[in-house]
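Content type compact mmCIF, C-alpha atoms, from the file run_25.txt:
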# COMPACT_ATOMS: atom_id res chain seq x y z
CA MET N 174 234.41 -82.12 177.74
CA ASN N 175 236.34 -85.27 178.60
CA PRO N 176 237.77 -85.11 182.16
CA SER N 177 240.03 -88.10 181.44
CA SER N 178 241.92 -86.27 178.67
CA SER N 179 244.47 -83.51 179.05
CA GLY N 180 243.12 -80.03 178.46
CA TRP N 181 239.73 -80.65 180.05
CA ILE N 182 240.07 -77.67 182.40
CA THR N 183 240.53 -75.34 179.41
CA LYS N 184 237.44 -76.92 177.87
CA PHE N 185 235.60 -76.39 181.16
CA GLU N 186 236.12 -72.64 180.81
CA SER N 187 234.25 -72.57 177.50
CA VAL N 188 231.47 -74.84 178.83
CA ILE N 189 230.91 -72.68 181.88
CA GLU N 190 231.04 -69.37 179.99
CA LYS N 191 227.25 -69.14 179.53
CA HIS N 192 226.55 -69.93 183.17
CA GLN N 193 228.65 -67.34 184.97
CA GLU N 194 225.78 -65.95 187.06
CA ARG N 195 224.07 -69.25 187.83
CA TYR N 196 224.70 -68.97 191.58
CA THR N 197 224.41 -65.82 193.65
CA ASP N 198 224.71 -67.58 197.01
CA PHE N 199 226.50 -70.65 198.38
CA SER N 200 223.35 -72.37 199.68
CA PRO N 201 221.78 -73.26 196.28
CA LEU N 202 225.20 -74.41 195.06
CA TYR N 203 225.50 -76.68 198.10
CA PHE N 204 222.00 -78.10 197.56
CA ASP N 205 222.71 -78.86 193.87
CA LEU N 206 225.99 -80.56 194.76
CA LYS N 207 224.19 -82.63 197.38
CA ARG N 208 221.64 -83.72 194.78
CA THR N 209 224.45 -84.95 192.50
CA GLY N 210 225.81 -87.00 195.42
CA PHE N 211 229.08 -85.06 195.56
CA VAL N 212 228.53 -83.91 199.16
CA TYR N 213 227.82 -87.52 200.15
CA GLY N 214 230.84 -88.89 198.29
CA ILE N 215 228.67 -90.94 195.90
CA ASN N 216 228.69 -89.10 192.57
CA THR N 217 225.67 -90.23 190.55
CA GLU N 218 225.52 -87.24 188.18
CA VAL N 219 226.98 -83.80 187.42
CA LEU N 220 225.22 -80.45 187.34
CA PRO N 221 222.81 -80.45 184.36
CA PHE N 222 224.48 -77.62 182.44
CA ILE N 223 227.82 -79.47 182.32
CA VAL N 224 227.88 -81.31 178.99
CA SER N 225 230.16 -84.30 178.43
CA GLU N 226 231.11 -85.98 175.17
CA HIS N 227 230.64 -89.51 176.59
CA ALA N 228 229.01 -91.41 179.45
CA LEU N 229 230.95 -90.46 182.58
CA SER N 230 232.43 -92.86 185.10
CA GLU N 231 231.92 -92.06 188.77
CA ASP N 232 235.54 -90.90 189.02
CA GLU N 233 235.00 -88.48 186.13
CA LYS N 234 231.79 -87.18 187.72
CA ALA N 235 233.70 -86.63 190.97
CA LYS N 236 236.41 -84.65 189.14
CA ILE N 237 233.86 -82.45 187.37
CA ASN N 238 231.81 -81.90 190.52
CA LEU N 239 234.88 -81.01 192.58
CA PHE N 240 236.17 -78.54 190.02
CA THR N 241 232.72 -77.02 189.41
CA ALA N 242 232.22 -76.58 193.16
CA LEU N 243 235.63 -74.93 193.51
CA TYR N 244 234.96 -72.63 190.55
CA TYR N 245 231.58 -71.34 191.76
CA THR N 246 232.87 -70.99 195.32
CA TYR N 247 235.57 -68.74 193.88
CA LYS N 248 233.06 -66.79 191.79
CA LEU N 249 230.99 -66.07 194.88
CA GLU N 250 233.99 -64.85 196.87
CA ARG N 251 236.10 -63.18 194.17
CA ASN N 252 234.50 -62.40 190.84
CA THR N 253 237.71 -62.29 188.78
CA ASP N 254 238.79 -63.99 185.55
CA PHE N 255 239.35 -67.72 185.01
CA GLU N 256 243.16 -67.52 184.89
CA LYS N 257 243.23 -65.81 188.26
CA PHE N 258 240.95 -68.54 189.61
CA LEU N 259 243.40 -71.20 188.42
CA GLU N 260 246.35 -69.40 190.00
CA ASP N 261 244.57 -68.95 193.34
CA LEU N 262 243.33 -72.55 193.35
CA PHE N 263 246.83 -73.89 192.76
CA ALA N 264 248.15 -71.61 195.52
CA PHE N 265 245.47 -73.04 197.83
CA TYR N 266 246.54 -76.63 197.19
CA ASP N 267 250.16 -75.60 197.51
CA ASN N 268 249.35 -74.15 200.95
CA LEU N 269 247.86 -77.51 201.91
CA ARG N 270 251.16 -79.06 200.72
CA ILE N 271 249.28 -81.32 198.28
CA ALA N 272 251.49 -80.12 195.44
CA GLN N 273 254.58 -81.05 197.43
CA LEU N 274 253.97 -84.79 197.58
CA SER N 275 257.02 -86.37 195.99
CA PHE N 276 255.14 -88.29 193.30
CA LEU N 277 253.26 -85.15 192.26
CA GLU N 278 256.30 -82.91 192.22
CA LYS N 279 257.66 -84.91 189.29
CA LEU N 280 254.35 -84.77 187.42
CA LEU N 281 253.83 -81.06 188.01
CA SER N 282 257.21 -79.72 186.96
CA GLY N 283 257.32 -77.51 183.86
CA LYS N 284 253.55 -77.57 183.24
CA THR N 285 250.93 -74.84 182.80
CA THR N 286 248.75 -74.01 185.78
CA SER N 287 245.71 -75.73 184.22
CA SER N 288 247.63 -78.95 183.47
CA LYS N 289 249.11 -78.96 186.99
CA LEU N 290 245.61 -78.63 188.40
CA GLU N 291 244.41 -81.52 186.24
CA LYS N 292 247.03 -83.70 187.94
CA LEU N 293 246.08 -82.39 191.36
CA ILE N 294 242.37 -83.00 190.79
CA ASP N 295 243.26 -86.52 189.62
CA SER N 296 245.14 -87.10 192.87
CA ARG N 297 242.19 -85.91 194.94
CA VAL N 298 239.73 -88.24 193.26
CA TYR N 299 241.73 -91.42 192.81
CA LEU N 300 245.16 -93.00 192.60
CA GLU N 301 245.86 -96.14 190.54
CA ASP N 302 242.18 -96.65 189.80
CA ASN N 303 242.69 -100.27 188.70
CA VAL N 304 243.80 -101.19 192.23
CA ILE N 305 241.02 -99.47 194.12
CA SER N 306 237.56 -101.01 194.16
CA LYS N 307 234.59 -98.86 193.21
CA THR N 308 232.95 -99.28 196.59
CA PHE N 309 236.10 -98.05 198.31
CA ASN N 310 236.66 -95.27 195.80
CA SER N 311 233.18 -93.82 196.12
CA ILE N 312 232.74 -94.12 199.86
CA ILE N 313 236.23 -93.45 201.20
CA THR N 314 238.43 -91.45 198.86
CA ASN N 315 235.62 -89.23 197.64
CA SER N 316 233.59 -89.00 200.85
CA LEU N 317 235.61 -86.10 202.23
CA LEU N 318 236.23 -84.31 198.92
CA PHE N 319 233.71 -81.63 199.81
CA ILE N 320 236.06 -80.56 202.60
CA ASP N 321 238.31 -79.19 199.82
CA VAL N 322 235.49 -76.85 198.82
CA LEU N 323 234.85 -75.70 202.39
CA LEU N 324 238.56 -75.13 202.92
CA PHE N 325 238.87 -73.20 199.66
CA LYS N 326 236.02 -70.95 200.76
CA ARG N 327 237.80 -70.39 204.05
CA TYR N 328 241.15 -69.83 202.31
CA LEU N 329 239.72 -67.09 200.09
CA ASN N 330 238.71 -65.14 203.18
CA ASP N 331 241.53 -66.09 205.52
CA SER N 332 244.51 -68.12 204.31
CA ILE N 333 246.40 -68.06 207.62
CA GLY N 334 246.70 -71.48 209.25
CA ILE N 335 244.70 -73.20 206.51
CA LYS N 336 246.53 -76.54 206.88
CA ILE N 337 245.79 -76.74 210.60
CA TYR N 338 242.20 -75.70 209.92
CA ALA N 339 242.00 -78.56 207.40
CA TYR N 340 243.13 -81.13 209.96
CA ASN N 341 240.59 -79.87 212.48
CA LEU N 342 237.74 -79.98 209.95
CA GLU N 343 238.65 -83.52 208.87
CA TYR N 344 238.90 -84.50 212.55
CA LEU N 345 235.40 -83.12 213.14
CA ALA N 346 233.91 -84.90 210.11
CA LEU N 347 235.38 -88.26 211.15
CA ASN N 348 234.31 -87.70 214.77
CA VAL N 349 230.75 -86.91 213.75
CA THR N 350 230.71 -90.10 211.67
CA TYR N 351 232.14 -92.09 214.58
CA HIS N 352 229.53 -90.81 217.05
CA ALA N 353 226.75 -91.32 214.51
CA LEU N 354 227.82 -94.96 214.20
CA ASN N 355 227.77 -95.30 217.98
CA SER N 356 224.21 -93.97 218.07
CA LYS N 357 223.03 -96.97 216.07
CA GLU N 358 221.72 -100.21 217.53
CA LYS N 359 224.79 -102.32 218.18
CA ASN N 360 225.58 -105.07 215.71
CA LYS N 361 228.83 -106.54 214.45
CA LYS N 362 228.99 -104.55 211.23
CA ASP N 363 228.53 -101.18 212.90
CA GLU N 364 230.81 -102.07 215.81
CA LYS N 365 233.65 -102.95 213.41
CA LEU N 366 233.22 -99.69 211.54
CA ALA N 367 232.87 -97.60 214.71
CA GLU N 368 236.05 -99.18 216.08
CA LEU N 369 237.86 -98.33 212.84
CA PHE N 370 236.78 -94.69 212.91
CA GLY N 371 237.60 -94.44 216.61
CA SER N 372 241.12 -95.73 215.99
CA SER N 373 241.63 -93.48 212.98
CA LEU N 374 240.89 -90.37 215.03
CA THR N 375 244.06 -90.93 217.04
CA PHE N 376 246.12 -90.86 213.85
CA ILE N 377 245.00 -87.49 212.45
CA ASN N 378 248.26 -85.57 212.62
CA PRO N 379 248.02 -84.59 216.31
CA ASP N 380 251.13 -82.41 216.15
CA THR N 381 249.47 -79.97 213.74
CA GLN N 382 246.13 -79.60 215.49
CA SER N 383 245.63 -76.14 216.94
CA PHE N 384 242.83 -77.17 219.28
CA ASP N 385 243.62 -79.11 222.45
CA GLY N 386 240.07 -79.46 223.80
CA SER N 387 237.62 -82.29 223.38
CA TYR N 388 235.71 -83.19 220.23
CA ARG N 389 232.55 -81.67 221.71
CA GLU N 390 234.30 -78.39 222.53
CA LEU N 391 235.56 -78.19 218.95
CA LEU N 392 232.10 -79.03 217.61
CA LEU N 393 230.50 -76.21 219.60
CA LYS N 394 232.97 -73.60 218.39
CA GLU N 395 231.53 -71.01 216.01
CA ARG N 396 232.04 -71.81 212.34
CA PRO N 397 230.41 -70.98 208.98
CA SER N 398 226.92 -72.43 208.50
CA CYS N 399 228.05 -74.27 205.35
CA GLU N 400 230.52 -76.30 207.42
CA ASN N 401 227.83 -77.17 209.95
CA ALA N 402 225.47 -78.15 207.13
CA TYR N 403 228.10 -80.57 205.83
CA LEU N 404 228.65 -82.09 209.29
CA ILE N 405 224.93 -82.72 209.83
CA ASP N 406 224.63 -84.21 206.32
CA MET N 407 227.51 -86.60 207.05
CA ALA N 408 225.80 -87.64 210.28
CA CYS N 409 222.49 -88.21 208.46
CA LEU N 410 224.21 -90.24 205.76
CA THR N 411 225.85 -92.44 208.40
CA VAL N 412 222.68 -93.27 210.36
CA TRP N 413 220.63 -93.79 207.19
CA GLU N 414 222.96 -96.37 205.62
CA ASP N 415 220.69 -99.19 206.85
CA HIS N 416 217.62 -97.45 205.40
CA SER N 417 216.02 -96.85 208.79
CA LEU N 418 216.06 -94.40 211.67
CA ASP N 419 215.32 -95.59 215.20
CA TYR N 420 214.70 -93.46 218.29
CA LYS N 421 218.33 -93.43 219.46
CA GLU N 422 219.63 -92.42 216.03
CA SER N 423 216.97 -89.73 215.70
CA LYS N 424 217.85 -88.38 219.14
CA PHE N 425 221.52 -88.17 218.12
CA ILE N 426 220.81 -86.39 214.83
CA PHE N 427 218.50 -83.79 216.35
CA GLY N 428 220.84 -83.38 219.30
CA ILE N 429 223.92 -82.66 217.23
CA GLY N 430 221.88 -80.47 214.87
CA LYS N 431 220.67 -78.29 217.73
CA ASP N 432 224.17 -78.16 219.22
CA ILE N 433 225.49 -76.52 216.05
CA GLY N 434 222.58 -74.11 215.79
CA PHE N 435 220.05 -75.65 213.42
CA GLU N 436 216.27 -75.53 213.78
CA GLU N 437 214.32 -78.81 213.78
CA ASN N 438 212.91 -78.22 210.30
CA THR N 439 216.43 -77.80 208.89
CA ILE N 440 217.57 -81.04 210.54
CA SER N 441 214.49 -82.86 209.23
CA LYS N 442 215.23 -81.52 205.74
CA SER N 443 218.75 -82.97 205.91
CA LEU N 444 217.36 -86.41 206.80
CA GLU N 445 214.76 -86.11 204.06
CA ASP N 446 217.44 -85.23 201.49
CA VAL N 447 219.45 -88.36 202.37
CA GLU N 448 216.38 -90.58 202.17
CA ASN N 449 215.41 -89.11 198.80
CA PHE N 450 218.95 -89.60 197.49
CA PHE N 451 218.99 -93.26 198.52
CA ASN N 452 215.54 -93.90 197.04
CA LYS N 453 216.33 -92.10 193.78
CA ASN N 454 219.69 -93.76 193.17
CA ALA N 455 219.27 -97.30 194.52
CA LYS N 456 218.88 -98.64 190.98
CA VAL N 457 221.81 -96.60 189.66
CA VAL N 458 224.20 -97.43 192.51
CA PRO N 459 223.44 -101.02 193.58
CA PHE N 460 225.19 -100.90 196.97
CA LEU N 461 222.84 -98.11 198.12
CA LYS N 462 220.06 -100.67 198.53
CA ASP N 463 222.29 -103.06 200.49
CA ASN N 464 221.35 -103.11 204.17
CA ASN N 465 224.87 -104.35 204.93
CA LEU N 466 226.53 -101.23 203.56
CA ALA N 467 228.62 -100.73 206.71
CA ILE N 468 230.20 -104.17 206.62
CA GLN N 469 230.68 -103.87 202.85
CA PHE N 470 232.40 -100.55 203.56
CA TYR N 471 234.78 -102.09 206.12
CA ASP N 472 235.55 -105.25 204.17
CA SER N 473 236.21 -103.28 201.00
CA MET N 474 238.71 -101.05 202.81
CA SER N 475 240.52 -104.06 204.22
CA LYS N 476 240.78 -105.69 200.79
CA VAL N 477 242.14 -102.52 199.20
CA VAL N 478 244.75 -101.93 201.90
CA ASN N 479 245.71 -105.58 201.59
CA LYS N 480 246.22 -105.18 197.83
CA LEU N 481 248.21 -101.98 198.21
CA ILE N 482 250.54 -103.56 200.76
CA LEU N 483 251.10 -106.70 198.67
CA ARG N 484 251.72 -104.74 195.46
CA ASN N 485 254.30 -102.59 197.21
CA SER N 486 255.73 -105.27 199.50
CA LYS N 487 259.34 -105.05 198.26
CA ARG N 488 259.44 -101.28 198.53
CA LEU N 489 257.76 -101.42 201.95
CA GLN N 490 260.27 -103.98 203.19
CA LYS N 491 263.10 -101.74 202.07
CA GLU N 492 261.60 -98.65 203.73
CA LEU N 493 260.76 -100.52 206.93
CA SER N 494 264.21 -102.08 207.12
CA GLU N 495 265.63 -98.57 207.44
CA SER N 496 263.48 -97.77 210.49
CA ALA N 497 264.00 -100.18 213.38
CA GLU N 498 261.94 -97.96 215.69
CA LEU N 499 258.90 -98.03 213.38
CA VAL N 500 259.13 -101.81 213.00
CA ALA N 501 259.32 -102.20 216.78
CA LEU N 502 256.26 -100.00 217.29
CA LEU N 503 254.24 -101.79 214.61
CA SER N 504 255.15 -105.09 216.23
CA LYS N 505 254.00 -103.77 219.61
CA SER N 506 250.71 -102.66 218.08
CA THR N 507 249.80 -106.30 217.41
CA MET N 508 249.98 -107.06 221.15
CA ARG N 509 248.74 -103.87 222.84
CA ASP N 510 247.38 -100.38 222.16
CA LEU N 511 250.11 -97.84 221.48
CA THR N 512 250.45 -94.77 223.67
CA LYS N 513 249.66 -91.32 222.29
CA GLU N 514 253.37 -90.57 221.87
CA GLU N 515 253.97 -93.89 220.11
CA LYS N 516 251.07 -93.24 217.73
CA LYS N 517 252.57 -89.87 216.85
CA LYS N 518 255.88 -91.53 215.98
CA VAL N 519 254.15 -94.22 213.90
CA GLN N 520 252.08 -91.70 211.99
CA ASN N 521 254.94 -89.33 211.23
CA GLN N 522 257.24 -92.12 210.03
CA LEU N 523 254.50 -93.79 207.96
CA ILE N 524 253.62 -90.50 206.27
CA ASP N 525 257.24 -90.17 205.14
CA ILE N 526 257.01 -93.66 203.62
CA PHE N 527 253.67 -92.94 201.95
CA LYS N 528 255.08 -89.80 200.34
CA SER N 529 257.84 -91.82 198.71
CA ILE N 530 255.58 -94.57 197.27
CA PRO N 531 253.01 -93.13 194.80
CA SER N 532 250.33 -95.79 195.16
CA LEU N 533 250.41 -95.46 198.96
CA ALA N 534 249.84 -91.71 198.84
CA ILE N 535 246.14 -92.47 199.16
CA PHE N 536 246.72 -92.75 202.90
CA ILE N 537 247.45 -89.01 203.07
CA LEU N 538 244.58 -87.87 200.85
CA PRO N 539 241.12 -86.96 202.22
CA GLY N 540 239.85 -89.80 204.38
CA GLY N 541 243.23 -91.49 204.48
CA ALA N 542 243.33 -91.37 208.26
CA VAL N 543 240.49 -93.90 208.28
CA LEU N 544 242.78 -96.42 206.62
CA LEU N 545 245.79 -96.13 208.92
CA PRO N 546 244.50 -98.55 211.60
CA ILE N 547 243.88 -101.18 208.91
CA PHE N 548 247.35 -100.64 207.44
CA ILE N 549 248.98 -100.91 210.86
CA LYS N 550 247.01 -104.07 211.60
CA LEU N 551 247.83 -105.77 208.29
CA VAL N 552 251.48 -104.86 207.75
CA PRO N 553 252.94 -107.22 210.41
CA LYS N 554 250.90 -110.12 208.96
CA LEU N 555 251.69 -109.45 205.32
CA LEU N 556 255.38 -108.59 205.69
CA PRO N 557 256.67 -111.04 208.28
CA SER N 558 260.11 -111.39 206.71
CA SER N 559 260.74 -107.67 206.98
CA PHE N 560 259.89 -107.70 210.66
CA ASP N 561 261.94 -110.81 211.39
CA GLU N 562 264.97 -109.40 209.58
CA ASN N 563 264.78 -106.19 211.56
CA ARG N 564 264.55 -108.06 214.84
CA VAL N 565 267.73 -109.99 213.89
CA ASP N 566 269.48 -106.80 212.87
CA LYS N 567 268.53 -105.19 216.17
CA THR N 568 269.91 -108.19 218.12
CA ASN N 569 273.14 -108.19 216.15
CA LYS N 570 273.63 -104.50 216.84
CA THR N 571 273.15 -105.12 220.53
CA GLU N 572 275.72 -107.87 220.53

Give the structure from the file, written as structure tokens.
Amino acid sequence: MNPSSSGWITKFESVIEKHQERYTDFSPLYFDLKRTGFVYGINTEVLPFIVSEHALSEDEKAKINLFTALYYTYKLERNTDFEKFLEDLFAFYDNLRIAQLSFLEKLLSGKTTSSKLEKLIDSRVYLEDNVISKTFNSIITNSLLFIDVLLFKRYLNDSIGIKIYAYNLEYLALNVTYHALNSKEKNKKDEKLAELFGSSLTFINPDTQSFDGSYRELLLKERPSCENAYLIDMACLTVWEDHSLDYKESKFIFGIGKDIGFEENTISKSLEDVENFFNKNAKVVPFLKDNNLAIQFYDSMSKVVNKLILRNSKRLQKELSESAELVALLSKSTMRDLTKEEKKKVQNQLIDIFKSIPSLAIFILPGGAVLLPIFIKLVPKLLPSSFDENRVDKTNKTE
């Protein structure tokens, strides 16, 4: 099976045929996916029974792990044939409006369900791979891919309001990461990253959120244990990135674990799993042994956003020139914090732009909200002519 060639999903069906009954419960599937690194967003391997014809890149491992996770989740909920799985999976992504992104609509027209899904899976794992650094790709784009699996599981039992549920789950995951960062001993690298995550939380489509309470109130709401397991694993991954766990971090982890209903031994097991993963894969994934992972994480994101803006500068200038209000708000953001209403306007108008420029669609994929504050910070500096021209236009109109 070659996940970089067309037809790999059809091949997957034949590969998986002898392993139909491998999982009888979601918990062992989750544990195996955590061992591969998929749950953590750092794919070091695929499940051992998945055979490939060549050495896999991390992107290819991510694609296989995502699709395998989706398949077995479906098998556990609805034990029907493979074609029905493909149809229901495409319907799920269609409900999330992933299939309706403008750049994908062109790619998906007139194709079979399996080939459409190949394009969709590609879009979930990476876009324009040559532009995006491996550090960014593994830690950002893929870090929230497991949310797709949790949402698919939810969708199979209750499809109503799945898009809003998706926003709330992403909001929780980013919030847990943000608070985990704040539990760490303060240093410049963690402060920069915590500030980024804090800013990004205000840009997660607030108009579509169904919950108006605080983060803590949302965290304490009843939800499936698999979702809570993912949240605690994300928290453990965040505090362990510097290869140590001090008292304050430990207090945070055990506190949040108890809040969502886990026993101490379960929380300890989550920490142990992260430590074992780092120790096992430090030689395979060099940045795992870097004690400056957080600053590497932030700097890598900034460089990628910088590249994306520069490579699309002409198109961005054109799009921005047609929105005087957006330009004015972005200009204001360089001098003061925007109000909640202003942030809503910025986000909604930027999303429309991202949908029209394929290589910028990464901002509306899983984890994309983390990048918006960087984009908003860099655009005025990298596209000064666009902003100046709009200010002149605005003055002329007034006169």

| task | Considering all atoms listed in the file, state which residue in the set N:Ile335, N:Arg297, N:Glu437, N:Tyr244 is at the smallest distance from N:Glu194. | result |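 Counting all atoms listed in the file, the residue closest to N:Glu194 is N:Tyr244.
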
| query | So, counting all atoms listed in the file, which residue among N:Phe325, N:Phe536, N:Phe435, N:Phe527 is closest to N:Asn401? | reply | N:Phe435

| Taking all atoms listed in the file into account, which of N:Ile429, N:Val219, N:Ala497, N:Leu229 comes nearest N:Thr241? |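 For N:Thr241, the nearest of the given residues is N:Val219.
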
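Ranking N:Glu498, N:Glu226, N:Glu250, N:Asp232 by their shortest atom-to-atom distance to N:Phe199, with all atoms listed in the file included, puts N:Glu250 first.
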
| request: Would you mind reading off the distance between atom CA of N:Asn485 and atom CA of N:Lys292, one decimal, in Å? | output: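 Answer for the atom CA of N:Asn485 to atom CA of N:Lys292 separation: 22.3 Å.
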